[in-house]
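Dropping data31.txt in here (compact mmCIF, C-alpha atoms and all ligand atoms):
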# COMPACT_ATOMS: atom_id res chain seq x y z
CA MET F 1 23.29 0.23 -22.60
CA ASN F 2 21.81 -1.45 -25.69
CA PHE F 3 18.18 -2.43 -25.45
CA ASP F 4 17.85 -6.21 -25.12
CA PRO F 5 14.28 -7.36 -25.89
CA SER F 6 15.02 -10.91 -24.67
CA ILE F 7 15.02 -9.67 -21.03
CA TYR F 8 11.39 -8.61 -21.34
CA ALA F 9 10.42 -11.62 -23.47
CA ARG F 10 11.71 -13.92 -20.69
CA ARG F 11 9.58 -12.07 -18.12
CA ARG F 12 6.51 -12.45 -20.33
CA ALA F 13 7.26 -16.15 -20.72
CA ARG F 14 7.45 -16.52 -16.93
CA LEU F 15 4.18 -14.70 -16.41
CA LEU F 16 2.54 -16.89 -19.08
CA GLU F 17 3.74 -19.97 -17.21
CA LYS F 18 2.34 -18.67 -13.93
CA MET F 19 -1.02 -17.87 -15.55
CA GLN F 20 -1.22 -21.41 -17.00
CA ARG F 21 -4.30 -20.50 -19.03
CA GLY F 22 -6.30 -17.41 -19.97
CA ILE F 23 -5.54 -13.93 -21.22
CA ALA F 24 -3.70 -11.05 -19.53
CA ILE F 25 -4.30 -7.40 -20.40
CA ILE F 26 -1.75 -4.94 -18.99
CA PRO F 27 -2.11 -1.28 -20.05
CA THR F 28 0.53 1.39 -19.57
CA ALA F 29 -0.19 4.60 -17.63
CA PRO F 30 -2.33 7.40 -19.11
CA GLU F 31 -0.87 10.80 -19.89
CA VAL F 32 -1.99 13.31 -17.25
CA ALA F 33 -2.86 16.93 -18.08
CA ARG F 34 -1.04 19.54 -15.98
CA ASN F 35 -3.11 22.40 -17.34
CA ALA F 36 -4.63 23.39 -20.70
CA ASP F 37 -2.87 21.26 -23.33
CA THR F 38 0.30 20.70 -21.28
CA HIS F 39 0.98 17.35 -19.67
CA TYR F 40 3.01 16.20 -16.68
CA GLY F 41 6.24 14.52 -17.74
CA TYR F 42 5.19 11.09 -18.92
CA ARG F 43 5.99 8.04 -16.77
CA HIS F 44 5.06 4.57 -18.06
CA ASP F 45 3.29 2.04 -15.83
CA SER F 46 5.86 -0.08 -13.99
CA ASN F 47 4.16 -3.46 -14.65
CA PHE F 48 3.72 -2.67 -18.32
CA TYR F 49 7.34 -1.60 -18.64
CA TYR F 50 8.55 -4.66 -16.73
CA LEU F 51 6.95 -6.84 -19.42
CA SER F 52 7.76 -4.77 -22.49
CA GLY F 53 10.60 -2.26 -22.07
CA PHE F 54 8.26 0.03 -24.06
CA THR F 55 8.00 3.65 -22.89
CA GLU F 56 5.43 5.25 -25.20
CA PRO F 57 1.99 6.18 -23.82
CA GLU F 58 -1.20 4.56 -25.21
CA ALA F 59 0.01 0.98 -25.25
CA VAL F 60 -1.19 -2.35 -23.89
CA VAL F 61 0.48 -5.75 -23.48
CA VAL F 62 -1.80 -8.74 -24.14
CA LEU F 63 -0.62 -12.25 -23.25
CA ILE F 64 -2.42 -15.45 -24.12
CA ALA F 65 -1.41 -18.48 -22.09
CA GLY F 66 -1.95 -22.11 -23.02
CA ASP F 67 -0.49 -24.60 -25.48
CA ALA F 68 0.47 -21.90 -28.00
CA PRO F 69 1.38 -18.87 -25.84
CA GLN F 70 1.30 -15.51 -27.56
CA SER F 71 2.45 -12.05 -26.63
CA ILE F 72 0.97 -9.05 -28.37
CA LEU F 73 1.63 -5.31 -28.14
CA PHE F 74 -0.94 -2.65 -28.94
CA CYS F 75 0.72 0.72 -29.58
CA ARG F 76 0.21 4.04 -31.31
CA ASP F 77 0.23 3.97 -35.08
CA LYS F 78 2.92 5.78 -37.00
CA ASP F 79 1.64 9.30 -37.74
CA MET F 80 3.93 11.73 -39.53
CA GLU F 81 1.92 14.78 -38.45
CA ARG F 82 1.95 13.79 -34.74
CA GLU F 83 5.59 12.76 -34.93
CA ILE F 84 6.54 16.24 -36.21
CA TRP F 85 4.89 17.74 -33.10
CA ASP F 86 5.46 15.15 -30.38
CA GLY F 87 8.30 12.92 -31.49
CA TYR F 88 9.08 9.47 -32.78
CA ARG F 89 6.72 6.49 -32.49
CA VAL F 90 7.82 2.90 -33.00
CA GLY F 91 4.50 1.83 -34.58
CA PRO F 92 3.00 -1.67 -34.88
CA ASP F 93 5.06 -2.68 -37.95
CA ALA F 94 8.46 -2.27 -36.27
CA ALA F 95 7.41 -3.19 -32.70
CA PRO F 96 7.39 -7.03 -32.93
CA GLU F 97 11.02 -7.28 -33.94
CA ARG F 98 12.30 -4.37 -31.84
CA PHE F 99 10.51 -5.49 -28.68
CA GLY F 100 10.28 -9.24 -29.26
CA PHE F 101 6.48 -9.57 -29.49
CA ASP F 102 4.71 -12.18 -31.62
CA ALA F 103 2.47 -9.46 -33.07
CA ALA F 104 1.60 -5.78 -32.70
CA TYR F 105 -1.54 -3.85 -33.63
CA PRO F 106 -2.58 -0.19 -33.60
CA ILE F 107 -4.01 0.87 -30.22
CA ALA F 108 -7.15 2.07 -32.07
CA GLN F 109 -7.97 -1.61 -32.76
CA LEU F 110 -7.72 -2.64 -29.10
CA ASP F 111 -11.40 -3.09 -28.28
CA GLU F 112 -12.20 -4.86 -31.54
CA LYS F 113 -9.24 -7.27 -31.24
CA LEU F 114 -9.77 -7.90 -27.54
CA ALA F 115 -13.40 -8.85 -28.19
CA GLU F 116 -12.01 -11.63 -30.43
CA LEU F 117 -9.10 -12.56 -28.19
CA ILE F 118 -10.96 -12.94 -24.91
CA GLY F 119 -13.66 -15.15 -26.47
CA ASN F 120 -13.48 -18.70 -25.04
CA GLN F 121 -10.60 -17.82 -22.71
CA PRO F 122 -11.20 -19.42 -19.30
CA ALA F 123 -9.61 -16.63 -17.25
CA LEU F 124 -8.91 -12.94 -17.52
CA PHE F 125 -5.91 -11.37 -15.73
CA TYR F 126 -5.55 -7.61 -15.47
CA PRO F 127 -4.75 -4.98 -12.79
CA LEU F 128 -8.22 -5.33 -11.25
CA GLY F 129 -9.23 -2.16 -9.40
CA GLY F 130 -6.07 -0.33 -10.50
CA ASP F 131 -7.91 2.22 -12.64
CA ALA F 132 -11.67 2.81 -12.76
CA THR F 133 -11.66 3.63 -16.49
CA TRP F 134 -9.91 0.36 -17.34
CA ASP F 135 -12.17 -1.60 -14.98
CA GLY F 136 -15.20 -0.24 -16.84
CA ARG F 137 -13.69 -0.87 -20.24
CA ILE F 138 -12.65 -4.46 -19.51
CA LEU F 139 -15.96 -5.37 -17.87
CA LYS F 140 -17.87 -3.84 -20.80
CA LEU F 141 -15.80 -5.91 -23.23
CA ARG F 142 -16.42 -9.03 -21.23
CA GLY F 143 -20.14 -8.22 -21.21
CA GLU F 144 -20.14 -7.86 -25.01
CA VAL F 145 -18.48 -11.24 -25.40
CA GLN F 146 -20.93 -12.76 -22.93
CA ALA F 147 -23.80 -11.48 -25.08
CA LYS F 148 -22.54 -13.76 -27.88
CA VAL F 149 -23.12 -16.90 -25.82
CA ARG F 150 -25.77 -18.18 -28.25
CA SER F 151 -23.23 -18.18 -31.07
CA GLY F 152 -21.11 -20.53 -28.97
CA ILE F 153 -18.58 -17.99 -27.63
CA CYS F 154 -17.97 -17.87 -23.88
CA ALA F 155 -16.57 -14.99 -21.82
CA PRO F 156 -13.90 -15.71 -19.18
CA ASP F 157 -15.48 -17.08 -15.99
CA GLU F 158 -12.61 -16.03 -13.76
CA ILE F 159 -11.13 -12.58 -13.29
CA HIS F 160 -7.78 -12.33 -11.48
CA ASP F 161 -5.65 -9.39 -10.40
CA VAL F 162 -2.53 -9.94 -12.50
CA ARG F 163 -0.56 -7.95 -9.93
CA ALA F 164 -0.68 -10.89 -7.53
CA LEU F 165 1.65 -12.68 -9.99
CA LEU F 166 3.66 -9.67 -11.15
CA ASN F 167 4.37 -8.24 -7.69
CA GLU F 168 6.05 -11.44 -6.62
CA MET F 169 8.16 -11.51 -9.81
CA ARG F 170 9.20 -7.86 -9.39
CA LEU F 171 10.18 -8.38 -5.75
CA PHE F 172 13.18 -10.48 -6.84
CA LYS F 173 15.51 -8.35 -8.91
CA ASP F 174 17.44 -10.03 -11.73
CA ALA F 175 21.03 -9.18 -12.72
CA HIS F 176 19.85 -6.65 -15.31
CA GLU F 177 17.75 -4.82 -12.73
CA LEU F 178 20.48 -4.84 -10.08
CA ASP F 179 22.92 -3.39 -12.58
CA ILE F 180 20.56 -0.44 -13.24
CA MET F 181 19.87 0.00 -9.52
CA ARG F 182 23.61 0.15 -8.79
CA ARG F 183 23.99 2.91 -11.37
CA ALA F 184 20.96 4.82 -10.05
CA ALA F 185 22.42 4.57 -6.54
CA ALA F 186 25.82 5.79 -7.72
CA ILE F 187 24.27 8.90 -9.29
CA SER F 188 22.24 9.62 -6.16
CA THR F 189 25.24 9.24 -3.85
CA ALA F 190 27.14 11.71 -6.06
CA ALA F 191 24.21 14.10 -5.71
CA HIS F 192 24.26 13.84 -1.91
CA ARG F 193 28.01 14.48 -1.87
CA ARG F 194 27.49 17.48 -4.11
CA ALA F 195 24.77 18.81 -1.81
CA MET F 196 27.04 18.47 1.24
CA GLN F 197 29.83 20.33 -0.50
CA PHE F 198 27.49 23.06 -1.74
CA THR F 199 25.48 23.76 1.41
CA ARG F 200 26.18 26.93 3.40
CA PRO F 201 24.21 29.03 5.92
CA ASP F 202 21.68 31.47 4.38
CA GLN F 203 21.11 29.45 1.24
CA PHE F 204 17.56 28.41 0.49
CA GLU F 205 16.48 24.78 0.55
CA TYR F 206 15.52 24.97 -3.14
CA GLN F 207 19.05 26.00 -4.04
CA VAL F 208 20.33 22.75 -2.55
CA GLU F 209 17.52 20.90 -4.36
CA ALA F 210 18.76 22.41 -7.62
CA GLU F 211 22.21 20.89 -7.01
CA LEU F 212 20.66 17.45 -6.52
CA LEU F 213 18.61 17.72 -9.71
CA HIS F 214 21.62 19.01 -11.63
CA GLU F 215 23.69 16.01 -10.57
CA PHE F 216 20.89 13.55 -11.42
CA CYS F 217 20.27 15.04 -14.84
CA ARG F 218 23.89 15.43 -15.90
CA HIS F 219 24.35 11.67 -15.44
CA GLY F 220 21.30 10.82 -17.53
CA ALA F 221 18.78 10.40 -14.70
CA ARG F 222 16.28 12.97 -15.95
CA HIS F 223 13.85 12.68 -13.04
CA PRO F 224 13.93 12.16 -9.30
CA ALA F 225 12.26 8.93 -8.16
CA TYR F 226 10.07 11.04 -5.83
CA THR F 227 9.90 14.70 -4.88
CA SER F 228 13.13 15.56 -3.09
CA ILE F 229 12.85 16.45 0.60
CA VAL F 230 15.29 19.24 1.48
CA ALA F 231 14.43 20.12 5.05
CA GLY F 232 16.43 22.51 7.21
CA GLY F 233 16.04 22.65 11.01
CA ALA F 234 12.49 22.07 12.27
CA ASN F 235 11.31 21.20 8.73
CA ALA F 236 13.12 17.87 9.11
CA CYS F 237 10.46 16.86 11.66
CA VAL F 238 7.84 16.98 8.87
CA LEU F 239 8.26 13.52 7.37
CA HIS F 240 7.07 14.38 3.85
CA TYR F 241 8.25 18.01 3.76
CA VAL F 242 8.53 19.08 0.11
CA ASP F 243 8.04 22.87 0.25
CA ASN F 244 11.84 23.26 0.11
CA ASN F 245 11.55 27.06 0.32
CA ALA F 246 13.05 28.01 3.71
CA GLN F 247 16.39 29.71 4.33
CA LEU F 248 19.04 27.53 5.98
CA ARG F 249 20.25 28.65 9.38
CA ASP F 250 23.82 28.39 10.56
CA ALA F 251 23.28 26.16 13.57
CA ASP F 252 20.67 23.85 12.01
CA LEU F 253 20.85 20.41 10.50
CA LEU F 254 19.74 19.77 6.92
CA LEU F 255 17.90 16.54 6.12
CA ILE F 256 17.93 15.55 2.46
CA ASP F 257 15.84 12.59 1.26
CA ALA F 258 16.45 12.39 -2.48
CA GLY F 259 17.11 9.76 -5.12
CA CYS F 260 17.05 9.66 -8.88
CA GLU F 261 15.13 7.34 -11.17
CA LEU F 262 17.32 5.75 -13.84
CA GLY F 263 16.05 3.43 -16.56
CA GLY F 264 12.77 3.08 -14.69
CA TYR F 265 14.38 2.17 -11.32
CA ALA F 266 14.40 4.20 -8.13
CA SER F 267 17.07 4.99 -5.61
CA ASP F 268 16.14 6.40 -2.20
CA ILE F 269 18.76 7.97 0.06
CA THR F 270 18.58 10.19 3.13
CA ARG F 271 21.48 12.02 4.70
CA THR F 272 21.38 14.57 7.52
CA PHE F 273 24.25 16.97 8.06
CA PRO F 274 25.02 20.35 9.68
CA VAL F 275 24.38 23.41 7.51
CA ASN F 276 27.68 24.93 8.67
CA GLY F 277 29.65 21.71 8.31
CA LYS F 278 30.15 20.98 12.02
CA PHE F 279 27.77 18.98 14.27
CA SER F 280 26.93 20.57 17.64
CA ALA F 281 27.27 18.33 20.71
CA ALA F 282 23.48 17.83 20.91
CA GLN F 283 23.14 17.12 17.19
CA LYS F 284 25.99 14.65 17.39
CA ASP F 285 24.44 12.83 20.37
CA VAL F 286 21.20 12.24 18.49
CA TYR F 287 22.96 11.51 15.19
CA GLU F 288 25.13 8.77 16.67
CA ILE F 289 22.02 7.04 18.05
CA VAL F 290 20.32 7.03 14.64
CA LEU F 291 23.52 5.85 12.95
CA ALA F 292 23.95 3.04 15.49
CA ALA F 293 20.31 2.06 14.91
CA GLN F 294 20.91 1.95 11.18
CA THR F 295 24.08 -0.13 11.60
CA ALA F 296 22.15 -2.63 13.72
CA ALA F 297 19.33 -2.78 11.17
CA ILE F 298 21.71 -3.31 8.24
CA ALA F 299 23.42 -6.12 10.17
CA ALA F 300 20.00 -7.78 10.48
CA ALA F 301 19.26 -7.47 6.74
CA GLN F 302 20.45 -10.97 5.90
CA PRO F 303 19.03 -13.89 3.94
CA ASN F 304 16.52 -15.96 5.92
CA ARG F 305 16.07 -13.26 8.58
CA LYS F 306 12.47 -12.02 8.75
CA TRP F 307 11.34 -8.74 7.18
CA ASP F 308 10.74 -7.10 10.57
CA GLU F 309 14.14 -8.01 12.07
CA PRO F 310 15.98 -4.91 10.75
CA HIS F 311 13.12 -2.76 12.08
CA ASN F 312 13.20 -4.41 15.49
CA ALA F 313 16.99 -4.12 15.68
CA ALA F 314 16.82 -0.39 14.87
CA LEU F 315 13.97 0.13 17.29
CA ARG F 316 15.85 -1.34 20.27
CA VAL F 317 18.88 0.90 19.63
CA LEU F 318 16.72 3.99 19.13
CA THR F 319 14.70 3.24 22.25
CA GLN F 320 17.81 2.89 24.42
CA GLY F 321 19.02 6.18 22.93
CA PHE F 322 15.72 7.93 23.66
CA ILE F 323 15.98 6.75 27.28
CA ASP F 324 19.59 7.99 27.52
CA LEU F 325 18.49 11.39 26.17
CA LYS F 326 15.61 11.48 28.71
CA LEU F 327 13.08 11.61 25.91
CA CYS F 328 11.52 8.31 27.04
CA HIS F 329 11.37 6.83 30.52
CA GLY F 330 11.53 3.26 31.81
CA SER F 331 13.32 0.17 30.51
CA VAL F 332 13.72 -0.58 26.79
CA ASP F 333 11.06 -3.30 27.05
CA GLU F 334 8.65 -0.96 28.85
CA VAL F 335 9.10 1.81 26.28
CA LEU F 336 8.61 -0.71 23.45
CA GLU F 337 5.54 -2.13 25.18
CA LYS F 338 3.97 1.31 25.76
CA GLU F 339 5.12 2.51 22.32
CA SER F 340 6.14 5.85 23.82
CA TYR F 341 9.08 5.87 21.33
CA LYS F 342 6.49 6.64 18.64
CA LYS F 343 6.52 10.30 19.64
CA PHE F 344 10.06 10.46 18.21
CA TYR F 345 10.08 7.57 15.70
CA MET F 346 6.72 7.07 14.06
CA HIS F 347 7.56 5.26 10.81
CA ARG F 348 8.90 1.83 9.98
CA THR F 349 12.53 1.21 9.11
CA GLY F 350 12.20 0.52 5.39
CA HIS F 351 10.31 -0.71 2.37
CA TRP F 352 10.94 -2.66 -0.80
CA LEU F 353 12.71 -0.66 -3.51
CA GLY F 354 12.61 -1.22 -7.26
CA MET F 355 10.78 0.35 -10.17
CA ASP F 356 8.58 2.11 -7.63
CA VAL F 357 10.22 3.84 -4.70
CA HIS F 358 7.80 2.04 -2.40
CA ASP F 359 8.01 -1.07 -4.48
CA VAL F 360 5.56 -3.92 -4.84
CA GLY F 361 5.72 -7.21 -2.98
CA ASP F 362 4.03 -8.61 0.11
CA TYR F 363 5.69 -8.08 3.48
CA LYS F 364 3.82 -10.93 5.13
CA ILE F 365 2.94 -14.40 3.94
CA ALA F 366 -0.04 -16.09 5.60
CA GLY F 367 0.09 -13.52 8.38
CA ASN F 368 3.83 -13.89 9.14
CA TRP F 369 6.66 -11.52 8.23
CA ARG F 370 8.37 -13.07 5.21
CA PRO F 371 12.03 -14.11 5.24
CA LEU F 372 14.49 -11.92 3.34
CA GLN F 373 15.87 -13.66 0.27
CA PRO F 374 18.61 -13.00 -2.30
CA GLY F 375 17.52 -10.50 -4.97
CA MET F 376 15.23 -8.51 -2.70
CA VAL F 377 16.11 -4.80 -2.40
CA LEU F 378 15.03 -2.75 0.59
CA THR F 379 15.73 0.57 2.24
CA VAL F 380 17.01 0.86 5.81
CA GLU F 381 15.97 4.24 7.17
CA PRO F 382 15.69 4.80 10.90
CA GLY F 383 15.18 8.34 12.16
CA CYS F 384 14.47 10.55 15.14
CA TYR F 385 12.21 13.59 15.05
CA ILE F 386 12.11 15.77 18.17
CA ARG F 387 9.34 18.36 18.15
CA PRO F 388 9.17 21.06 20.83
CA ALA F 389 7.26 19.91 23.91
CA ALA F 390 7.25 20.79 27.60
CA ASP F 391 8.61 17.37 28.60
CA VAL F 392 11.42 17.42 26.01
CA PRO F 393 14.81 18.92 26.94
CA LEU F 394 15.04 22.30 25.23
CA TYR F 395 18.48 21.68 23.73
CA LEU F 396 17.02 18.84 21.62
CA TRP F 397 14.06 20.75 20.17
CA ASN F 398 13.63 20.64 16.38
CA ILE F 399 16.36 18.10 15.74
CA GLY F 400 15.18 15.83 12.92
CA ILE F 401 17.50 13.12 11.63
CA ARG F 402 17.07 10.23 9.21
CA ILE F 403 19.75 8.08 7.59
CA GLU F 404 18.61 5.93 4.66
CA ASP F 405 20.47 3.45 2.48
CA ASP F 406 19.51 0.96 -0.22
CA VAL F 407 20.43 -2.66 0.45
CA VAL F 408 20.35 -5.79 -1.72
CA ILE F 409 19.95 -9.15 0.01
CA THR F 410 22.61 -11.52 -1.37
CA GLU F 411 23.33 -15.25 -0.99
CA HIS F 412 25.52 -14.74 2.07
CA GLY F 413 24.63 -11.30 3.44
CA ASN F 414 23.90 -8.00 1.79
CA GLU F 415 25.26 -5.48 -0.68
CA MET F 416 25.10 -1.78 0.16
CA LEU F 417 24.21 0.25 -2.93
CA THR F 418 24.55 3.70 -1.39
CA ASP F 419 27.65 3.56 0.81
CA ALA F 420 29.41 6.22 -1.24
CA ALA F 421 27.34 8.95 0.42
CA PRO F 422 29.21 9.77 3.67
CA LYS F 423 27.33 9.16 6.89
CA THR F 424 29.73 9.06 9.83
CA VAL F 425 30.17 12.36 11.66
CA ALA F 426 33.87 12.37 10.75
CA ASP F 427 33.29 11.62 7.05
CA ILE F 428 30.57 14.24 6.71
CA GLU F 429 32.62 16.93 8.48
CA GLU F 430 35.65 16.02 6.37
CA LEU F 431 33.72 16.37 3.08
CA MET F 432 32.20 19.67 4.26
CA ARG F 433 35.46 21.24 5.45
CA LYS F 434 35.75 24.63 3.82
CA ASP F 435 39.06 23.80 2.12
CA GLN F 436 37.42 20.74 0.56
CA ARG F 437 34.76 22.86 -1.14
N1 LIG E 501 11.63 8.88 0.06
C1 LIG E 501 10.54 8.14 0.51
C2 LIG E 501 10.90 7.20 1.56
O1 LIG E 501 11.96 7.29 2.13
O2 LIG E 501 10.18 6.28 1.85
MN MN E 502 12.54 5.24 1.74
MN MN E 503 13.64 8.28 1.28

With the file now loaded, output its structure as structure tokens.
Ligand code: GLY
Ligand code: MN
Ligand code: MN
Amino acid sequence: MNFDPSIYARRRARLLEKMQRGIAIIPTAPEVARNADTHYGYRHDSNFYYLSGFTEPEAVVVLIAGDAPQSILFCRDKDMEREIWDGYRVGPDAAPERFGFDAAYPIAQLDEKLAELIGNQPALFYPLGGDATWDGRILKLRGEVQAKVRSGICAPDEIHDVRALLNEMRLFKDAHELDIMRRAAAISTAAHRRAMQFTRPDQFEYQVEAELLHEFCRHGARHPAYTSIVAGGANACVLHYVDNNAQLRDADLLLIDAGCELGGYASDITRTFPVNGKFSAAQKDVYEIVLAAQTAAIAAAQPNRKWDEPHNAALRVLTQGFIDLKLCHGSVDEVLEKESYKKFYMHRTGHWLGMDVHDVGDYKIAGNWRPLQPGMVLTVEPGCYIRPAADVPLYLWNIGIRIEDDVVITEHGNEMLTDAAPKTVADIEELMRKDQR
């Protein structure tokens, strides 16, 4: 898709309106050394990217609100020697037109220019507390401006966390963002289908992981949105299992929690399926409970329903299931009251999804769960994790199941982004049938 700078310029204009007055300073992420002179793959800061569409390291967005709003980019200078080694740089001459800024300056001039720009501004907005180095740098700058008080220059009196404004903007996805998220979801569902078709007993978890990464990358999603969880058998009961180095056993389930990042947006899908392509009776019993819980939660993911309604809907179905399986004892209300379900379901049913896999945005407003509204994107991911224990029926030991989809709240209901990854017992077994592979 062609880069459209007006999308980012409109977001900057909205932030400037929300600020009303003052200056905002939003740096991108630092490069992080992996070892010696080798770095981890670079990932921009999400807030910075949201406002700029700019993916180079060493860059800062500066916005000045007021009667004559201004948006400025600081970025790396052109440098033929560095570009031979590390690749192309846009540079401050080309950046204003390419990225729709009023002006751009070399990053090396940041401190000097900021000292001028923050003078006499009433308020300073930046990601306060987000990074100790930046905190120190910004406060030092402010102190230097303050020292000029006798020459009639004032430093900003107020300091605000700009994320309070940005998080709320990012929570509501615009058409451009939803389009990218649909494509990210489509790639990830293809990867889950590929994994189901590939998986066989005796393979190693990392071999299945390789299939996921292959499918992501060949569609242009160069990185997963988070480290893929490929967890066979008992490993599925470790919620953040990422070792992915065990051999898959014939009679086990395989839980895969994996999603690609595309164009800076995450997808986040979990599917659980039998290594040999056929659910056992016990696996199926537990699976159907988790699937029914997910169906109930998705039905509750509607505009004007509260954030916790999908979770509560899933929890009631899971709890009844745990009682039926003799994992929990008493009535549904008693088990919920005593929270004895937490032994088998210890996480919540979802989170916001966007540029970050656990995306920004408040879940409560003034102490109350917020209503779901069109444009919000969330995951719905109930699960059941049965660890060996004396009071747990033996035939259920080490069954770990999670089913996770990505859901957009729409005007009249919801849109499922990740339906193309099979999740009924029949659909999974059909895709995994030997003659289908
Ligand atoms: N993959 C992380 C999560 O499901 O929250
Ligand atoms: Mn998730
Ligand atoms: Mn997940």

Exercise for review: Could you report the residues within 10 Å of ligand LIG 501 (chain E), using all atoms listed in the file, as a PyMOL selection string?
Suggested key: chain F and resi 225-229+239-240+256-259+266-270+347-353+357-359+379-382+402-405

Practice item. With a distance cut-off of 12 Å and all atoms listed in the file, select the neighbouring residues of Asn304 of chain F, excluding the residue or stretch itself and same-chain residues fewer than 3 positions from it, and output the selection as a list of chain:residue names. Key: F:Ala300, F:Ala301, F:Trp307, F:Asp308, F:Glu309, F:Trp369, F:Arg370, F:Pro371, F:Leu372, F:Gln373, F:Pro374, F:Met376, F:Ile409, F:Thr410, F:Glu411, F:His412, F:Gly413, F:Asn414

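Residue nearest ligand MN 503 (chain E) within the list F:Ile138, F:Leu396, F:Leu128, F:Val230: F:Val230 [criterion: smallest interatomic distance, all atoms listed in the file].
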
Check your understanding: Do you have the atom CA of Ala236 of chain F-atom CA of Leu248 of chain F distance handy?
Key -> 11.8 Å

Review point. Using all atoms listed in the file, which residues sit within 6 Å of segment 69-78 of chain F once same-chain residues fewer than 5 positions away are excluded, as a list in words?
Key: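 The residues that qualify are Ala59, Val60, Val61, Val62, Leu63, Ile64, Arg89, Gly91, Phe101, Asp102, Ala103, Ala104, Tyr105, Pro106 and Ile107 of chain F.
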
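Compared by their closest atoms to Gln203 of chain F, and using all atoms listed in the file, the residues F:Lys423, F:Gly119, F:Leu139, F:Asn276 rank with F:Asn276 nearest.
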
Check your understanding: Quick one: residues within 6 Å of Asn398 of chain F, all atoms listed in the file counted, chain neighbours fewer than 5 positions away excluded, as an NGL selection string?
Key -> :F and (234 or 386-387)

Now that the selection is made, can you save its residues with C-alpha atoms as a PDB file, in the frame of the given file?
ATOM      1  CA  ALA F 234      12.490  22.070  12.270  1.00  0.00           C
ATOM      2  CA  ILE F 386      12.110  15.770  18.170  1.00  0.00           C
ATOM      3  CA  ARG F 387       9.340  18.360  18.150  1.00  0.00           C
TER       4      ARG F 387
END

Check your understanding: Leaving out segment 316-323 of chain F and any residue of its chain fewer than 4 positions from it, which residues lie within 9 Å of it when counting all atoms listed in the file, given as a PyMOL selection string?
Key -> chain F and resi 285-286+289-290+292-294+296+311-312+327-333+335-336+341+344-345+382-384

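Minimum distance to ligand MN 502 (chain E) across F:Pro393, F:Gly354, F:Gly130, F:Gly361 (counting all atoms listed in the file) occurs at F:Gly354.
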
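Here atom CA of Tyr50 of chain F is placed at a distance of 23.2 Å from atom CA of Lys364 of chain F.
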